[in-house]
Amino acid sequence: MESSLAMNTLIFLGVAIIMVPLARKFGLSSVIGYILGGIIIGPYVLRLTGKDVNGIMHASEFGVIMLLFLVGLELEPRKFWEMRKKIMGLGLTQMVLSISLLFLVFISAGWRIDKAIAIAMCFALSSTAIVLQTLQEKNNLKTMAGEASFSTLLFQDIAVIPILAILPIIANYKASHHDNNIQILIQKLPEWLQAGTVILGVAILILLGRYVFVPFLRYVSKSGMTELLTASSLFLVIGVSELMVAIGLSPALGAFLAGVMLANSEFRHELEAQIDPFKGLLLAVFFVSVGSTINFNIIQQDPVFIFSTVFAVLAVKFAVLYAIGKFFKIDTPQSLFYAFALSQVGEFAFVLINYASDLYLLSPELNAQMMAVTAITMCITPILLIINDKFITPKFIQEIPDADNDFNILDNTVTQKKIIIVGFGHFGSTVGRLLKANKISATVLDRDSDRVKLLRSYGFKVYYGDATRIPILRAAGIEDAEILVLCLDDPDDNKFIADLVREHYPKVRIFVRAKNRIDAYNYLNNGIENIYRETLGTAVDMAVDVLHETGMRKYAARRLGQRFMAIDKASIRRLAKAKDDDEILLFTTKEILQREEELLAYDNLNFDNRNWEGSSSVDEENDEETPN
């Protein structure tokens, strides 16, 4: 069945919508649902796709690029630098051992040396898309196994550069001026300069991140138009990936580095929220296209060769990865997860195998067979991970007395409650400063880009973002947050966010700024207990100071002010049960009179000034130490 690119995309999205919920219903990974859907609609089953399948796969590879960009946003440059030893240690060891052992396996099978080393280099790579998607679904990115997987994948992306340079040398192939294959800057440079393209690419991204990206986003944010921020986010990711292709870097690696450069910027959460939907959509299409490109005719012609190669590749890479995990002192359950997760062949092998064929290293028949092997290993990995989770890992967990030893979080420090502050104006900054003074960190969201820039220059962890949108809150970590502090100037926005969070994240405790009593009544009636009227404390402080100026001892005036606030708060909770606003307004006057009566009675009973004349000097010292 021949169809247009648009129709193929429609079919791919349709099968994803049907198959993924079905897979999840049976407890399977979403990746399995995508790939199975691709097999069903592919040219070898229902034949619903035409000749544009490869085009769709290449287009949807931007999903992998966006995935790495988002991962980079989560990794600050300081932490990335701290990981350099792991990236080099784990990644370099994995690549060297995998290439060496796979080369020996292929040589023992009677392959030519050039063919064996070319395929070994291609198959040493793992699938960034499958591994990171699986880690995110299982919430394992911050575990030791997750970080080991991530470090290895980063090194593999770097290793693509020398592989691209080595393949023509193996093939003894000289590119002509009319050769259109892989036209990148790295191949136009002298060989002694080609290794420097990594340094060149990183340097360019550092300069762009500091002097171009952030000022550009600040300029766009001042327009106040969300769609422009969406366009700017896509522009940055696609532009960086294309720039890295021109230089000779992997586009996915370039996108990751761009994300790292922006991880400390105030636009981090806004970028996450804007790009995440596109990432998910393109990754879904990519996985479906992987399934649809499996050539069952090639498999049927020589199934023994295909599946023996699949088994050899998975076995060799599993053994290498498990041994590396144990060598680097990763415990057994996590080493198993690390080995199963990265044992497949990666999506970049599709590009490298085709490139090797263009260099006449591989015949068209072997090219098709190796493509099938790559796709099959990608399909098998999610199944292997399920087997590991269901049957293998539980046996090791039973032997461990402390359940926390399984997938330990790398950060062993005492974890504090996750706090998000929305609005960092005069009110919110007071809350934030007090928390910071006590070494309690909080994620802060604000919509004023100039204010965000200023506060970040003073060391506050403030991000640009509109917290009335669920994607922004999700990017800021609302799913893991325990406390949400709403300090916006607009009471309607505070109410909207409070209702939104109560609906979607009912376990989060909300602390909210209220303008007046009417706001307080509404919050209380909606189940929010932690309410702070912005004028109450200030007015009481003023009254206390006036009382002190009239001759009352400061300690007595403060005690009176505290009593006043306690009665006021109690009366607010009592009146909040009123059925409507009219009834609330009706009771307001009565409440004032009642409160004054209670305060006067309390004053007559407890605050006879004569009792304070003989107070000791200790009270005076306490007065001076107590803040207003």
# chains A, B, ... in the order shown; residues from 1 in each chain; ligands from 1
$ select_by_dssp --residues "region 406-497 of chain A" --states "strand (DSSP E or B)" --output "JSON, numbers by chain"
{"A": [409, 419, 420, 421, 422, 443, 444, 445, 446, 462, 463, 464, 483, 484, 485, 486]}
$ residues_around --residues "region 97-108 of chain A" --least-positions-apart "5" --cutoff "7 Å" --atoms "only C-alpha atoms" --output "CSV table (one decimal) with N, CA, C and O atoms, in the first residue's frame"
chain,number,residue,atom,x,y,z
A,113,ILE,N,38.4,-9.2,8.0
A,113,ILE,CA,38.8,-8.4,9.1
A,113,ILE,C,38.2,-7.0,9.1
A,113,ILE,O,37.7,-6.5,10.1
A,116,ALA,N,34.5,-7.3,9.9
A,116,ALA,CA,34.3,-7.7,11.4
A,116,ALA,C,34.5,-6.5,12.3
A,116,ALA,O,33.7,-6.2,13.2
A,117,ILE,N,35.5,-5.7,12.0
A,117,ILE,CA,35.8,-4.5,12.9
A,117,ILE,C,34.7,-3.4,12.6
A,117,ILE,O,34.3,-2.7,13.6
A,120,ALA,N,31.6,-4.6,14.4
A,120,ALA,CA,31.9,-4.6,15.9
A,120,ALA,C,31.7,-3.2,16.4
A,120,ALA,O,31.1,-3.0,17.5
A,121,MET,N,32.3,-2.2,15.7
A,121,MET,CA,32.2,-0.8,16.2
A,121,MET,C,30.7,-0.3,16.2
A,121,MET,O,30.3,0.4,17.1
A,124,ALA,N,28.8,-2.0,19.1
A,124,ALA,CA,29.2,-1.7,20.5
A,124,ALA,C,28.3,-0.6,21.0
A,124,ALA,O,28.3,-0.4,22.3
A,316,VAL,N,27.6,-11.1,24.4
A,316,VAL,CA,28.9,-10.5,24.6
A,316,VAL,C,28.7,-9.1,25.3
A,316,VAL,O,29.4,-8.9,26.3
A,317,LYS,N,27.7,-8.3,24.9
A,317,LYS,CA,27.5,-7.0,25.5
A,317,LYS,C,27.1,-7.2,27.0
A,317,LYS,O,27.5,-6.4,27.9
A,320,VAL,N,30.1,-8.1,29.1
A,320,VAL,CA,31.0,-7.0,29.3
A,320,VAL,C,30.4,-6.0,30.3
A,320,VAL,O,31.1,-5.5,31.2
$ closest_atom_pairs --of "region 451-493 of chain A" --to "region 71-93 of chain A" --cutoff "12 Å" --atoms "only C-alpha atoms" --output "Markdown table"
| residue | atom | partner | partner_atom | distance |
| --- | --- | --- | --- | --- |
| A:Ala475 | CA | A:Glu74 | CA | 9.8 |
| A:Ala476 | CA | A:Glu74 | CA | 10.5 |
| A:Gly477 | CA | A:Glu74 | CA | 11.0 |
$ residues_around --residues "region 141-153 of chain A" --least-positions-apart "6" --cutoff "9 Å" --atoms "only C-alpha atoms" --output "ChimeraX atom specification"
/A:83-84,86-92,94-95,125-128,131-132,135,325,330,333-339,341-342,407-411
$ residues_around --residues "Ile306 (chain A)" --least-positions-apart "6" --cutoff "8 Å" --atoms "only C-alpha atoms" --output "list in words"
Ile299, Gln369, Ala372 and Val373 of chain A
